[in-house]
file target_14.txt (compact mmCIF, C-alpha atoms)
# COMPACT_ATOMS: atom_id res chain seq x y z
CA MET A 1 86.38 -8.23 -76.16
CA PRO A 2 88.47 -7.82 -72.99
CA LYS A 3 87.87 -4.69 -70.95
CA LYS A 4 90.40 -1.89 -71.16
CA ARG A 5 92.36 -1.48 -67.94
CA VAL A 6 92.13 2.04 -66.56
CA ALA A 7 94.28 3.89 -64.03
CA VAL A 8 92.88 6.95 -62.27
CA PHE A 9 95.28 9.66 -61.09
CA VAL A 10 93.95 11.68 -58.13
CA SER A 11 95.12 14.34 -55.70
CA GLY A 12 92.30 14.66 -53.18
CA GLY A 13 88.90 13.36 -52.14
CA GLY A 14 88.25 11.34 -55.26
CA THR A 15 84.67 12.33 -56.08
CA ASN A 16 85.31 11.78 -59.80
CA LEU A 17 86.95 8.44 -58.98
CA GLN A 18 83.80 7.48 -57.05
CA VAL A 19 81.65 8.41 -60.05
CA LEU A 20 83.73 6.05 -62.22
CA LEU A 21 83.58 3.26 -59.63
CA ASP A 22 79.79 3.71 -59.40
CA ALA A 23 79.50 3.70 -63.21
CA GLN A 24 81.40 0.42 -63.29
CA ALA A 25 79.15 -1.06 -60.59
CA ASN A 26 75.88 0.07 -62.23
CA GLY A 27 76.83 -0.98 -65.76
CA THR A 28 77.30 2.48 -67.32
CA LEU A 29 81.00 1.71 -67.75
CA THR A 30 81.25 -1.72 -69.36
CA SER A 31 84.20 -1.50 -71.76
CA GLY A 32 86.71 -0.33 -69.17
CA GLU A 33 87.55 -1.34 -65.62
CA ILE A 34 89.24 0.73 -62.93
CA ALA A 35 92.36 -1.36 -62.31
CA LEU A 36 94.66 1.08 -60.50
CA VAL A 37 94.54 4.34 -58.53
CA ILE A 38 97.60 6.54 -58.10
CA ALA A 39 97.40 9.43 -55.63
CA SER A 40 99.92 12.28 -55.81
CA LYS A 41 99.92 12.58 -52.03
CA PRO A 42 99.45 10.15 -49.15
CA GLY A 43 96.42 10.14 -46.89
CA VAL A 44 93.87 11.47 -49.38
CA PHE A 45 90.31 10.14 -49.20
CA ALA A 46 90.50 8.86 -52.78
CA LEU A 47 92.77 6.06 -51.50
CA GLU A 48 90.03 4.95 -49.10
CA ARG A 49 87.51 4.95 -51.95
CA ALA A 50 89.82 2.72 -53.99
CA ALA A 51 90.43 0.35 -51.07
CA LYS A 52 86.69 0.04 -50.41
CA ALA A 53 86.17 -0.88 -54.07
CA GLY A 54 89.02 -3.40 -53.97
CA VAL A 55 91.12 -1.47 -56.49
CA PRO A 56 94.92 -1.52 -56.02
CA SER A 57 96.01 1.97 -55.00
CA PHE A 58 99.30 3.68 -54.31
CA ALA A 59 100.38 7.04 -52.92
CA VAL A 60 103.32 8.39 -54.91
CA SER A 61 104.19 11.74 -53.32
CA ARG A 62 104.71 14.32 -56.03
CA LYS A 63 105.82 16.86 -53.42
CA GLU A 64 108.48 14.63 -51.82
CA LEU A 65 109.79 13.02 -55.01
CA GLY A 66 109.56 15.82 -57.56
CA LEU A 67 107.90 15.41 -60.95
CA ALA A 68 110.53 13.24 -62.66
CA GLU A 69 110.65 10.61 -59.90
CA PHE A 70 106.86 10.74 -59.45
CA GLU A 71 106.46 9.98 -63.16
CA GLN A 72 109.06 7.19 -63.14
CA ARG A 73 107.37 5.41 -60.23
CA SER A 74 103.94 5.93 -61.78
CA LEU A 75 105.10 4.53 -65.13
CA ALA A 76 106.42 1.43 -63.36
CA LEU A 77 103.02 0.94 -61.68
CA LEU A 78 101.19 1.47 -64.99
CA GLU A 79 103.31 -1.19 -66.66
CA GLU A 80 103.04 -3.58 -63.74
CA HIS A 81 99.23 -3.34 -63.85
CA ASN A 82 98.97 -3.50 -67.68
CA ILE A 83 97.16 -0.18 -67.95
CA ASP A 84 95.57 0.82 -71.28
CA PHE A 85 94.06 4.22 -70.36
CA ILE A 86 94.65 6.90 -67.73
CA VAL A 87 92.05 9.27 -66.30
CA THR A 88 93.30 12.38 -64.50
CA ALA A 89 90.43 13.30 -62.20
CA GLY A 90 90.99 16.05 -59.67
CA PHE A 91 94.69 15.50 -60.30
CA LEU A 92 96.66 18.66 -59.58
CA THR A 93 99.88 17.88 -61.44
CA ILE A 94 100.67 18.75 -65.04
CA LEU A 95 102.36 15.71 -66.56
CA SER A 96 105.54 16.19 -68.59
CA GLU A 97 105.60 16.06 -72.38
CA ASP A 98 107.68 12.88 -72.18
CA PHE A 99 105.09 11.15 -69.99
CA VAL A 100 102.16 12.24 -72.18
CA ARG A 101 103.90 11.06 -75.36
CA ARG A 102 104.13 7.53 -73.91
CA TYR A 103 100.32 7.38 -73.84
CA PRO A 104 99.12 9.21 -76.98
CA ASN A 105 95.32 9.58 -76.93
CA LYS A 106 95.26 7.28 -73.91
CA ILE A 107 94.99 9.93 -71.15
CA ILE A 108 91.74 11.79 -70.55
CA ASN A 109 91.05 14.67 -68.19
CA VAL A 110 87.90 16.34 -66.93
CA HIS A 111 88.12 20.13 -66.69
CA PRO A 112 85.46 22.24 -64.90
CA ALA A 113 84.87 24.74 -67.72
CA LEU A 114 83.95 24.84 -71.38
CA ILE A 115 87.39 24.74 -72.98
CA PRO A 116 88.82 27.01 -74.42
CA ALA A 117 87.36 29.24 -71.67
CA PHE A 118 89.04 29.34 -68.26
CA CYS A 119 91.67 26.71 -68.91
CA GLY A 120 95.43 26.28 -69.03
CA GLN A 121 98.14 26.92 -66.44
CA GLY A 122 96.71 28.06 -63.09
CA PHE A 123 93.07 27.23 -63.86
CA TYR A 124 92.02 24.43 -61.51
CA GLY A 125 89.59 23.89 -58.66
CA LEU A 126 87.75 26.97 -57.40
CA ARG A 127 89.95 29.29 -59.47
CA VAL A 128 88.07 28.23 -62.60
CA HIS A 129 84.70 29.13 -61.08
CA GLU A 130 86.00 32.39 -59.58
CA ALA A 131 87.18 33.41 -63.05
CA ALA A 132 83.83 32.51 -64.63
CA LEU A 133 81.94 34.58 -62.07
CA GLU A 134 84.36 37.53 -62.39
CA ARG A 135 83.86 37.46 -66.17
CA GLY A 136 80.09 37.40 -65.78
CA VAL A 137 79.44 34.45 -68.09
CA LYS A 138 75.91 33.06 -68.19
CA LEU A 139 77.00 29.54 -69.09
CA THR A 140 79.91 27.44 -67.91
CA GLY A 141 80.23 23.67 -67.73
CA ALA A 142 82.73 20.86 -68.05
CA THR A 143 84.92 19.36 -70.74
CA VAL A 144 86.46 15.91 -71.05
CA HIS A 145 89.47 15.99 -73.34
CA PHE A 146 92.52 14.01 -74.30
CA VAL A 147 95.70 15.11 -72.53
CA ASN A 148 98.55 16.21 -74.78
CA GLU A 149 101.68 18.32 -74.33
CA VAL A 150 99.64 21.55 -73.98
CA CYS A 151 97.89 22.12 -70.64
CA ASP A 152 94.14 21.62 -71.33
CA GLY A 153 94.98 21.65 -75.04
CA GLY A 154 94.16 18.13 -76.22
CA PRO A 155 91.24 17.22 -78.49
CA ILE A 156 87.82 17.55 -76.86
CA ILE A 157 85.83 14.35 -76.36
CA ALA A 158 82.68 15.81 -74.77
CA GLN A 159 81.31 19.01 -73.25
CA LYS A 160 78.21 19.90 -71.27
CA ALA A 161 76.99 23.40 -70.44
CA VAL A 162 75.69 24.46 -67.02
CA GLU A 163 73.81 27.66 -66.27
CA VAL A 164 75.36 30.27 -63.98
CA LEU A 165 72.67 31.46 -61.56
CA PRO A 166 72.28 34.84 -59.86
CA GLY A 167 73.89 34.74 -56.42
CA ASP A 168 76.25 31.90 -57.31
CA THR A 169 79.45 31.65 -55.30
CA PRO A 170 82.49 29.79 -56.60
CA GLU A 171 81.50 26.93 -54.26
CA THR A 172 77.87 26.66 -55.40
CA LEU A 173 78.91 26.89 -59.03
CA GLN A 174 81.61 24.25 -58.55
CA ARG A 175 79.06 21.88 -57.01
CA ARG A 176 76.52 22.42 -59.83
CA VAL A 177 79.16 21.90 -62.53
CA MET A 178 80.23 18.65 -60.86
CA GLU A 179 76.70 17.33 -60.42
CA GLN A 180 75.25 18.45 -63.76
CA ALA A 181 78.26 18.05 -66.04
CA GLU A 182 81.48 16.45 -64.76
CA TRP A 183 79.88 13.42 -63.13
CA LEU A 184 77.75 12.70 -66.20
CA LEU A 185 80.40 13.32 -68.85
CA LEU A 186 83.35 11.47 -67.33
CA PRO A 187 81.90 7.92 -67.31
CA GLN A 188 80.36 8.43 -70.77
CA ALA A 189 83.65 9.71 -72.22
CA LEU A 190 85.66 6.88 -70.65
CA GLU A 191 83.21 4.32 -72.04
CA LEU A 192 83.52 5.95 -75.45
CA VAL A 193 87.34 5.86 -75.57
CA CYS A 194 87.44 2.31 -74.19
CA THR A 195 85.17 1.03 -76.99
CA ASP A 196 87.26 2.57 -79.80
call {"tool": "encode", "arguments": {"input": "target_14.txt", "output": "structure tokens"}}
result
Amino acid sequence: MPKKRVAVFVSGGGTNLQVLLDAQANGTLTSGEIALVIASKPGVFALERAAKAGVPSFAVSRKELGLAEFEQRSLALLEEHNIDFIVTAGFLTILSEDFVRRYPNKIINVHPALIPAFCGQGFYGLRVHEAALERGVKLTGATVHFVNEVCDGGPIIAQKAVEVLPGDTPETLQRRVMEQAEWLLLPQALELVCTD
């Protein structure tokens, strides 16, 4: 069976992209291949990661173009590269309903909390971990879910809990959630959806 062609949308350093590239290289990800990287801003390190791995990559500036034009240019790239699935990984743009409807159950996202906790509009990056610490939760984690028209509202594919430790800062908690949950779940979830 041919591998599913996957595009990864990024906005920054691309640590989750690197995890997927490594999973492809070490045989954890066998049913999908990273075939395209789209960055929402130029000059981010994720583009260097893609180039090093020989994956076609493009910067499509969300800030300069606005959402509608960003999505139009991205859709053209997705079609040009025959993309089957999209992964939003550290991607700081909420895609429009129209865009999401073009790829039903074909876009997955990793979120650094156990949805439905600490999710939705405004919950991204360190803000998620700050909220978890402010609330005093003992467990947090990560969720991989399908993207639909509701921010962080699509069906859950996989979750993994991570313990919150005394003395945690948002930064230490973020790092532990990435290492113990996000980086394990994302390749597994992508493999799962690509084999369906």
call {"tool": "residues_around", "arguments": {"input": "target_14.txt", "residues": "stretch 39-44 of chain A", "least_positions_apart": "2", "cutoff": "7 Å", "atoms": "only C-alpha atoms", "output": "CSV table (one decimal) with C-alpha atoms, keeping the file's coordinate frame"}}
result
chain,number,residue,atom,x,y,z
A,9,PHE,CA,95.3,9.7,-61.1
A,10,VAL,CA,94.0,11.7,-58.1
A,11,SER,CA,95.1,14.3,-55.7
A,12,GLY,CA,92.3,14.7,-53.2
A,13,GLY,CA,88.9,13.4,-52.1
A,37,VAL,CA,94.5,4.3,-58.5
A,46,ALA,CA,90.5,8.9,-52.8
A,47,LEU,CA,92.8,6.1,-51.5
A,58,PHE,CA,99.3,3.7,-54.3
A,59,ALA,CA,100.4,7.0,-52.9
A,60,VAL,CA,103.3,8.4,-54.9
A,61,SER,CA,104.2,11.7,-53.3
A,62,ARG,CA,104.7,14.3,-56.0
call {"tool": "atom_distance", "arguments": {"input": "target_14.txt", "atom1": "atom CA of A:Pro166", "atom2": "atom CA of A:Ala132"}}
result
12.7 Å
call {"tool": "atom_distance", "arguments": {"input": "target_14.txt", "atom1": "atom CA of A:His81", "atom2": "atom CA of A:Val19"}}
result
21.5 Å
call {"tool": "closest_residue", "arguments": {"input": "target_14.txt", "among": "A:Ala142, A:Val100, A:Leu133, A:Leu92", "to": "A:Leu114", "atoms": "all atoms listed in the file"}}
result
A:Ala142
call {"tool": "atom_distance", "arguments": {"input": "target_14.txt", "atom1": "atom CA of A:Phe91", "atom2": "atom CA of A:Val137"}}
result
25.5 Å
call {"tool": "decode", "arguments": {"input": "target_14.txt", "residues": "stretch 29-46 of chain A", "atoms": "N, CA, C and O atoms", "output": "PDB file, in the first residue's frame"}}
result
ATOM      1  N   LEU A  29       7.276   5.454  12.078  1.00  0.00           N
ATOM      2  CA  LEU A  29       6.268   5.940  11.133  1.00  0.00           C
ATOM      3  C   LEU A  29       6.550   5.272   9.793  1.00  0.00           C
ATOM      4  O   LEU A  29       7.528   5.598   9.124  1.00  0.00           O
ATOM      5  N   THR A  30       5.702   4.308   9.435  1.00  0.00           N
ATOM      6  CA  THR A  30       5.933   3.568   8.188  1.00  0.00           C
ATOM      7  C   THR A  30       4.808   3.742   7.173  1.00  0.00           C
ATOM      8  O   THR A  30       5.012   3.525   5.989  1.00  0.00           O
ATOM      9  N   SER A  31       3.628   4.137   7.631  1.00  0.00           N
ATOM     10  CA  SER A  31       2.479   4.250   6.723  1.00  0.00           C
ATOM     11  C   SER A  31       2.294   5.651   6.169  1.00  0.00           C
ATOM     12  O   SER A  31       1.470   5.874   5.287  1.00  0.00           O
ATOM     13  N   GLY A  32       3.055   6.597   6.717  1.00  0.00           N
ATOM     14  CA  GLY A  32       3.003   7.970   6.231  1.00  0.00           C
ATOM     15  C   GLY A  32       4.409   8.483   5.990  1.00  0.00           C
ATOM     16  O   GLY A  32       5.364   7.976   6.573  1.00  0.00           O
ATOM     17  N   GLU A  33       4.506   9.481   5.103  1.00  0.00           N
ATOM     18  CA  GLU A  33       5.805  10.119   4.881  1.00  0.00           C
ATOM     19  C   GLU A  33       5.621  11.626   4.901  1.00  0.00           C
ATOM     20  O   GLU A  33       4.633  12.147   4.385  1.00  0.00           O
ATOM     21  N   ILE A  34       6.570  12.319   5.537  1.00  0.00           N
ATOM     22  CA  ILE A  34       6.519  13.772   5.592  1.00  0.00           C
ATOM     23  C   ILE A  34       6.923  14.273   4.205  1.00  0.00           C
ATOM     24  O   ILE A  34       8.072  14.119   3.792  1.00  0.00           O
ATOM     25  N   ALA A  35       5.955  14.857   3.496  1.00  0.00           N
ATOM     26  CA  ALA A  35       6.182  15.234   2.098  1.00  0.00           C
ATOM     27  C   ALA A  35       6.197  16.744   1.884  1.00  0.00           C
ATOM     28  O   ALA A  35       6.528  17.208   0.783  1.00  0.00           O
ATOM     29  N   LEU A  36       5.848  17.513   2.924  1.00  0.00           N
ATOM     30  CA  LEU A  36       5.757  18.965   2.781  1.00  0.00           C
ATOM     31  C   LEU A  36       5.749  19.604   4.164  1.00  0.00           C
ATOM     32  O   LEU A  36       5.141  19.067   5.085  1.00  0.00           O
ATOM     33  N   VAL A  37       6.434  20.745   4.286  1.00  0.00           N
ATOM     34  CA  VAL A  37       6.373  21.552   5.508  1.00  0.00           C
ATOM     35  C   VAL A  37       5.971  22.961   5.116  1.00  0.00           C
ATOM     36  O   VAL A  37       6.545  23.541   4.187  1.00  0.00           O
ATOM     37  N   ILE A  38       4.971  23.490   5.802  1.00  0.00           N
ATOM     38  CA  ILE A  38       4.533  24.872   5.581  1.00  0.00           C
ATOM     39  C   ILE A  38       4.691  25.620   6.893  1.00  0.00           C
ATOM     40  O   ILE A  38       4.111  25.232   7.914  1.00  0.00           O
ATOM     41  N   ALA A  39       5.494  26.684   6.861  1.00  0.00           N
ATOM     42  CA  ALA A  39       5.713  27.519   8.047  1.00  0.00           C
ATOM     43  C   ALA A  39       4.903  28.801   7.904  1.00  0.00           C
ATOM     44  O   ALA A  39       4.866  29.396   6.823  1.00  0.00           O
ATOM     45  N   SER A  40       4.273  29.226   9.012  1.00  0.00           N
ATOM     46  CA  SER A  40       3.435  30.424   8.968  1.00  0.00           C
ATOM     47  C   SER A  40       4.240  31.717   9.067  1.00  0.00           C
ATOM     48  O   SER A  40       3.686  32.802   9.010  1.00  0.00           O
ATOM     49  N   LYS A  41       5.562  31.571   9.217  1.00  0.00           N
ATOM     50  CA  LYS A  41       6.417  32.758   9.164  1.00  0.00           C
ATOM     51  C   LYS A  41       7.798  32.366   8.649  1.00  0.00           C
ATOM     52  O   LYS A  41       8.252  31.242   8.869  1.00  0.00           O
ATOM     53  N   PRO A  42       8.452  33.289   7.950  1.00  0.00           N
ATOM     54  CA  PRO A  42       9.766  32.983   7.389  1.00  0.00           C
ATOM     55  C   PRO A  42      10.834  32.951   8.485  1.00  0.00           C
ATOM     56  O   PRO A  42      10.659  33.523   9.559  1.00  0.00           O
ATOM     57  N   GLY A  43      11.926  32.243   8.197  1.00  0.00           N
ATOM     58  CA  GLY A  43      13.084  32.270   9.074  1.00  0.00           C
ATOM     59  C   GLY A  43      13.012  31.387  10.305  1.00  0.00           C
ATOM     60  O   GLY A  43      13.925  31.414  11.127  1.00  0.00           O
ATOM     61  N   VAL A  44      11.948  30.599  10.462  1.00  0.00           N
ATOM     62  CA  VAL A  44      11.861  29.744  11.647  1.00  0.00           C
ATOM     63  C   VAL A  44      12.749  28.511  11.478  1.00  0.00           C
ATOM     64  O   VAL A  44      12.995  28.062  10.361  1.00  0.00           O
ATOM     65  N   PHE A  45      13.210  27.976  12.595  1.00  0.00           N
ATOM     66  CA  PHE A  45      14.157  26.862  12.567  1.00  0.00           C
ATOM     67  C   PHE A  45      13.541  25.600  11.957  1.00  0.00           C
ATOM     68  O   PHE A  45      14.255  24.760  11.404  1.00  0.00           O
ATOM     69  N   ALA A  46      12.226  25.473  12.038  1.00  0.00           N
ATOM     70  CA  ALA A  46      11.561  24.308  11.446  1.00  0.00           C
ATOM     71  C   ALA A  46      11.895  24.178   9.960  1.00  0.00           C
ATOM     72  O   ALA A  46      12.012  23.063   9.441  1.00  0.00           O
TER      73      ALA A  46
END
